[in-house]
2 protein chains.
Amino acid sequence: MADTVVTKWIGDLSFDSLVSGHHVTLDSDSQYGGHDAGPRPKALLLTALTGCSGMDIVSILNKMKVEDYSLMMEATGIQTEEHPKHYHTITVSFKFAGKNLPEDKIVKAVKLTNEKYCGVSEMLRQSAKIIIKVFINDSEVAI
Amino acid sequence: MADTVVTKWIGDLSFDSLVSGHHVTLDSDSQYGGHDAGPRPKALLLTALTGCSGMDIVSILNKMKVEDYSLMMEATGIQTEEHPKHYHTITVSFKFAGKNLPEDKIVKAVKLTNEKYCGVSEMLRQSAKIIIKVFINDSEVAI
């Protein structure tokens with residue numbers, strides 16, 4: 001299976017990308033001559049990582065009959081000092097909230113996602129160390 | 001330097017990601033239970049790659065005093081058959097248009113970007129073969 005995106009230069013450092021039928025604007029900040037009309041490209045890797053992991057996790061938990069919870073993910077990428085500046089470490093915190101949530105199933109779903117199913121995670125971990133953290137109702141749980 | 005994104009599960013397979021102060025919706029297609037409210041996470045890697053390369057290229061060409069041209073990029077990622085499904089090959093076509101464009105400077109800018117400056121390219125090429133093509137006014141040029 002193949003995916004194709006088409007990205008056009010709009011002007012200065014702004015680009016419009018047509019991806020999966022949706023337009024996403026990319027831009028740089030004023031420090032580099034941009035106008036902040038959209039996200040930075042590199043940070044979008046973190047968005048892709050959380051989206052990929054999140055979709056897998058809710059699908060797996062759905063099969064496990066885990067319901068009535070919320071999920072928020074926070075991903076931080078730390079860049080190298082030298083060019084090409086890229087993330088050498090990415091920390092993803094998976095924050096679940098809800099009543100009587102089964103810790104074992106949640107940990108299993110997060111692990112399955114990051115180790116087996118999420119293709120974005122598979123790609124990014126070739127160049128960055130990916131650290132996973134899981135929180136249930138603001139308490140970190142062992143994974 | 002560090003970047004952080006916050007991504008919230010909206011429902012079904014939809015997620016809202018706050019990245020560089022901008023909201024990006026991610027979703028899956030109906031085949032997997034999604035509603036196509038936004039791009040697929042994996043395809044967003046291709047958007048990030050073209051945005052990162054594009055910003056570098058226009059910056060470099062600006063320093064080289066190359067002006068009055070348009071730039072469009074098409075990136076195609078081919079996925080593996082096995083889980084975790086990821087891109088094993090990515091082809092990026094850089095399509096320039098304009099009058100009297102200096103082929104040597106354009107090729108140099110594209111090469112510098114992909115080999116030296118673009119951090120997204122640096123990350124993705126650890127797991128995918130990245131093939132670069134350059135077109136000037138619809139004619140492919142040797143790189």
# chains A, B, ... in the order shown; residues from 1 in each chain; ligands from 1
>>> residues_around(residues="Asn114 in chain A", least_positions_apart="2", cutoff="12 Å", atoms="only C-alpha atoms", output="PyMOL selection string")
(chain A and resi 49-57+92+94+107-112+116-125+130-133) or (chain B and resi 83-84)
>>> write_last_selection(atoms="N, CA, C and O atoms", output="short mmCIF file (atom, residue, chain, number, x, y, z; two decimals), in the first residue's frame")
data_model
loop_
_atom_site.label_atom_id
_atom_site.label_comp_id
_atom_site.auth_asym_id
_atom_site.auth_seq_id
_atom_site.Cartn_x
_atom_site.Cartn_y
_atom_site.Cartn_z
N LEU A 49 3.17 10.55 15.68
CA LEU A 49 3.46 9.46 16.62
C LEU A 49 2.32 9.27 17.62
O LEU A 49 1.88 8.14 17.87
N THR A 50 1.82 10.38 18.17
CA THR A 50 0.73 10.26 19.14
C THR A 50 -0.56 9.78 18.46
O THR A 50 -1.30 8.97 19.03
N GLY A 51 -0.81 10.26 17.25
CA GLY A 51 -2.03 9.85 16.55
C GLY A 51 -2.02 8.37 16.22
O GLY A 51 -2.99 7.64 16.44
N CYS A 52 -0.88 7.90 15.72
CA CYS A 52 -0.72 6.50 15.37
C CYS A 52 -0.87 5.61 16.61
O CYS A 52 -1.63 4.63 16.61
N SER A 53 -0.17 5.98 17.68
CA SER A 53 -0.25 5.20 18.93
C SER A 53 -1.67 5.25 19.50
O SER A 53 -2.21 4.22 19.92
N GLY A 54 -2.25 6.44 19.51
CA GLY A 54 -3.59 6.61 20.07
C GLY A 54 -4.64 5.77 19.36
O GLY A 54 -5.47 5.11 20.00
N MET A 55 -4.61 5.78 18.04
CA MET A 55 -5.59 4.99 17.27
C MET A 55 -5.46 3.50 17.57
O MET A 55 -6.44 2.78 17.72
N ASP A 56 -4.20 3.04 17.66
CA ASP A 56 -3.97 1.63 17.98
C ASP A 56 -4.48 1.30 19.38
O ASP A 56 -5.14 0.28 19.59
N ILE A 57 -4.17 2.17 20.33
CA ILE A 57 -4.55 1.91 21.73
C ILE A 57 -6.06 1.84 21.91
O ILE A 57 -6.59 0.91 22.53
N VAL A 92 6.94 9.95 25.41
CA VAL A 92 5.48 10.01 25.22
C VAL A 92 4.79 9.58 26.51
O VAL A 92 5.02 8.47 27.00
N PHE A 94 1.26 8.72 28.16
CA PHE A 94 -0.12 8.35 27.86
C PHE A 94 -0.92 8.54 29.13
O PHE A 94 -0.67 7.86 30.14
N VAL A 107 -1.80 -1.11 30.22
CA VAL A 107 -0.35 -1.26 30.01
C VAL A 107 -0.08 -2.18 28.83
O VAL A 107 0.78 -1.91 27.97
N LYS A 108 -0.87 -3.25 28.73
CA LYS A 108 -0.69 -4.20 27.62
C LYS A 108 -0.98 -3.52 26.28
O LYS A 108 -0.25 -3.70 25.30
N ALA A 109 -2.05 -2.71 26.24
CA ALA A 109 -2.41 -2.02 24.99
C ALA A 109 -1.33 -1.03 24.57
O ALA A 109 -0.96 -0.95 23.39
N VAL A 110 -0.80 -0.28 25.54
CA VAL A 110 0.25 0.70 25.23
C VAL A 110 1.51 -0.02 24.72
O VAL A 110 2.12 0.40 23.73
N LYS A 111 1.86 -1.12 25.39
CA LYS A 111 3.06 -1.86 24.97
C LYS A 111 2.89 -2.49 23.59
O LYS A 111 3.79 -2.42 22.75
N LEU A 112 1.73 -3.12 23.35
CA LEU A 112 1.47 -3.74 22.04
C LEU A 112 1.59 -2.70 20.93
O LEU A 112 2.17 -2.97 19.87
N LYS A 116 4.62 -3.35 18.62
CA LYS A 116 4.19 -4.23 17.53
C LYS A 116 3.41 -3.56 16.41
O LYS A 116 3.57 -3.93 15.25
N TYR A 117 2.54 -2.61 16.74
CA TYR A 117 1.61 -2.14 15.72
C TYR A 117 1.87 -0.78 15.11
O TYR A 117 1.57 -0.56 13.94
N CYS A 118 2.38 0.15 15.89
CA CYS A 118 2.47 1.52 15.39
C CYS A 118 3.67 1.71 14.46
O CYS A 118 4.83 1.69 14.88
N GLY A 119 3.38 1.90 13.17
CA GLY A 119 4.42 2.05 12.16
C GLY A 119 5.23 3.34 12.32
O GLY A 119 6.41 3.38 11.99
N VAL A 120 4.58 4.38 12.84
CA VAL A 120 5.30 5.65 13.05
C VAL A 120 6.35 5.47 14.14
O VAL A 120 7.50 5.91 14.01
N SER A 121 5.96 4.78 15.21
CA SER A 121 6.89 4.48 16.30
C SER A 121 8.07 3.66 15.77
O SER A 121 9.23 3.94 16.09
N GLU A 122 7.76 2.69 14.94
CA GLU A 122 8.80 1.83 14.34
C GLU A 122 9.81 2.66 13.55
O GLU A 122 11.02 2.42 13.63
N MET A 123 9.33 3.66 12.83
CA MET A 123 10.23 4.47 12.03
C MET A 123 11.06 5.43 12.89
O MET A 123 12.27 5.53 12.72
N LEU A 124 10.39 6.09 13.82
CA LEU A 124 11.10 7.12 14.60
C LEU A 124 12.11 6.52 15.58
O LEU A 124 13.11 7.14 15.92
N ARG A 125 11.85 5.29 16.06
CA ARG A 125 12.77 4.73 17.05
C ARG A 125 14.09 4.27 16.43
O ARG A 125 15.01 3.88 17.16
N ILE A 130 12.86 6.21 22.28
CA ILE A 130 11.48 6.56 22.63
C ILE A 130 11.17 6.03 24.04
O ILE A 130 11.28 4.83 24.30
N ILE A 131 10.85 6.97 24.92
CA ILE A 131 10.55 6.62 26.32
C ILE A 131 9.03 6.71 26.51
O ILE A 131 8.42 7.73 26.16
N ILE A 132 8.45 5.64 27.01
CA ILE A 132 7.00 5.55 27.19
C ILE A 132 6.66 5.66 28.67
O ILE A 132 7.27 4.99 29.51
N LYS A 133 5.66 6.50 28.99
CA LYS A 133 5.17 6.59 30.36
C LYS A 133 3.65 6.45 30.34
O LYS A 133 3.00 6.94 29.40
N HIS B 83 3.27 -6.06 10.08
CA HIS B 83 3.26 -5.13 11.20
C HIS B 83 4.65 -5.05 11.82
O HIS B 83 5.35 -6.06 11.87
N PRO B 84 5.06 -3.92 12.39
CA PRO B 84 4.39 -2.62 12.27
C PRO B 84 4.53 -2.05 10.86
O PRO B 84 5.67 -1.87 10.39
#
>>> interface_residues(of="chain B", to="chain A", cutoff="7 Å", atoms="only C-alpha atoms", output="PyMOL selection string")
chain B and resi 1-9+13+15+17+19-20+22+26+38-48+50-52+55+70-79+83-86+116-120+122-124+126-127
>>> select_by_dssp(residues="chain B", states="helix (DSSP H, G or I)", output="MDAnalysis selection string")
chainID B and resid 30:32 41:63 103:117 119:124
>>> select_by_dssp(residues="range 44-127 of chain B", states="strand (DSSP E)", output="NGL selection string")
:B and (70-79 or 87-97)
>>> write_last_selection(atoms="C-alpha atoms", output="mmCIF file, in the first residue's frame")
data_model
loop_
_atom_site.group_PDB
_atom_site.id
_atom_site.type_symbol
_atom_site.label_atom_id
_atom_site.label_comp_id
_atom_site.auth_asym_id
_atom_site.auth_seq_id
_atom_site.Cartn_x
_atom_site.Cartn_y
_atom_site.Cartn_z
ATOM 1 C CA SER B 70 7.264 27.920 -7.933
ATOM 2 C CA LEU B 71 7.881 24.702 -6.007
ATOM 3 C CA MET B 72 5.621 21.708 -5.610
ATOM 4 C CA MET B 73 6.627 18.452 -3.935
ATOM 5 C CA GLU B 74 5.034 15.042 -4.303
ATOM 6 C CA ALA B 75 6.016 12.389 -1.774
ATOM 7 C CA THR B 76 4.972 8.749 -1.964
ATOM 8 C CA GLY B 77 5.623 6.229 0.804
ATOM 9 C CA ILE B 78 5.340 2.510 0.165
ATOM 10 C CA GLN B 79 4.364 0.448 3.206
ATOM 11 C CA TYR B 87 7.311 3.019 4.829
ATOM 12 C CA HIS B 88 10.254 1.063 3.455
ATOM 13 C CA THR B 89 10.658 3.415 0.459
ATOM 14 C CA ILE B 90 9.807 7.104 0.102
ATOM 15 C CA THR B 91 10.106 8.919 -3.228
ATOM 16 C CA VAL B 92 10.079 12.714 -3.173
ATOM 17 C CA SER B 93 9.751 14.638 -6.440
ATOM 18 C CA PHE B 94 10.719 18.300 -6.239
ATOM 19 C CA LYS B 95 9.017 20.159 -9.086
ATOM 20 C CA PHE B 96 10.271 23.648 -9.874
ATOM 21 C CA ALA B 97 8.804 25.957 -12.490
#
>>> residues_around(residues="Val141 in chain B", least_positions_apart="3", cutoff="10 Å", atoms="only C-alpha atoms", output="PyMOL selection string")
chain B and resi 103-104+106-107+133-138
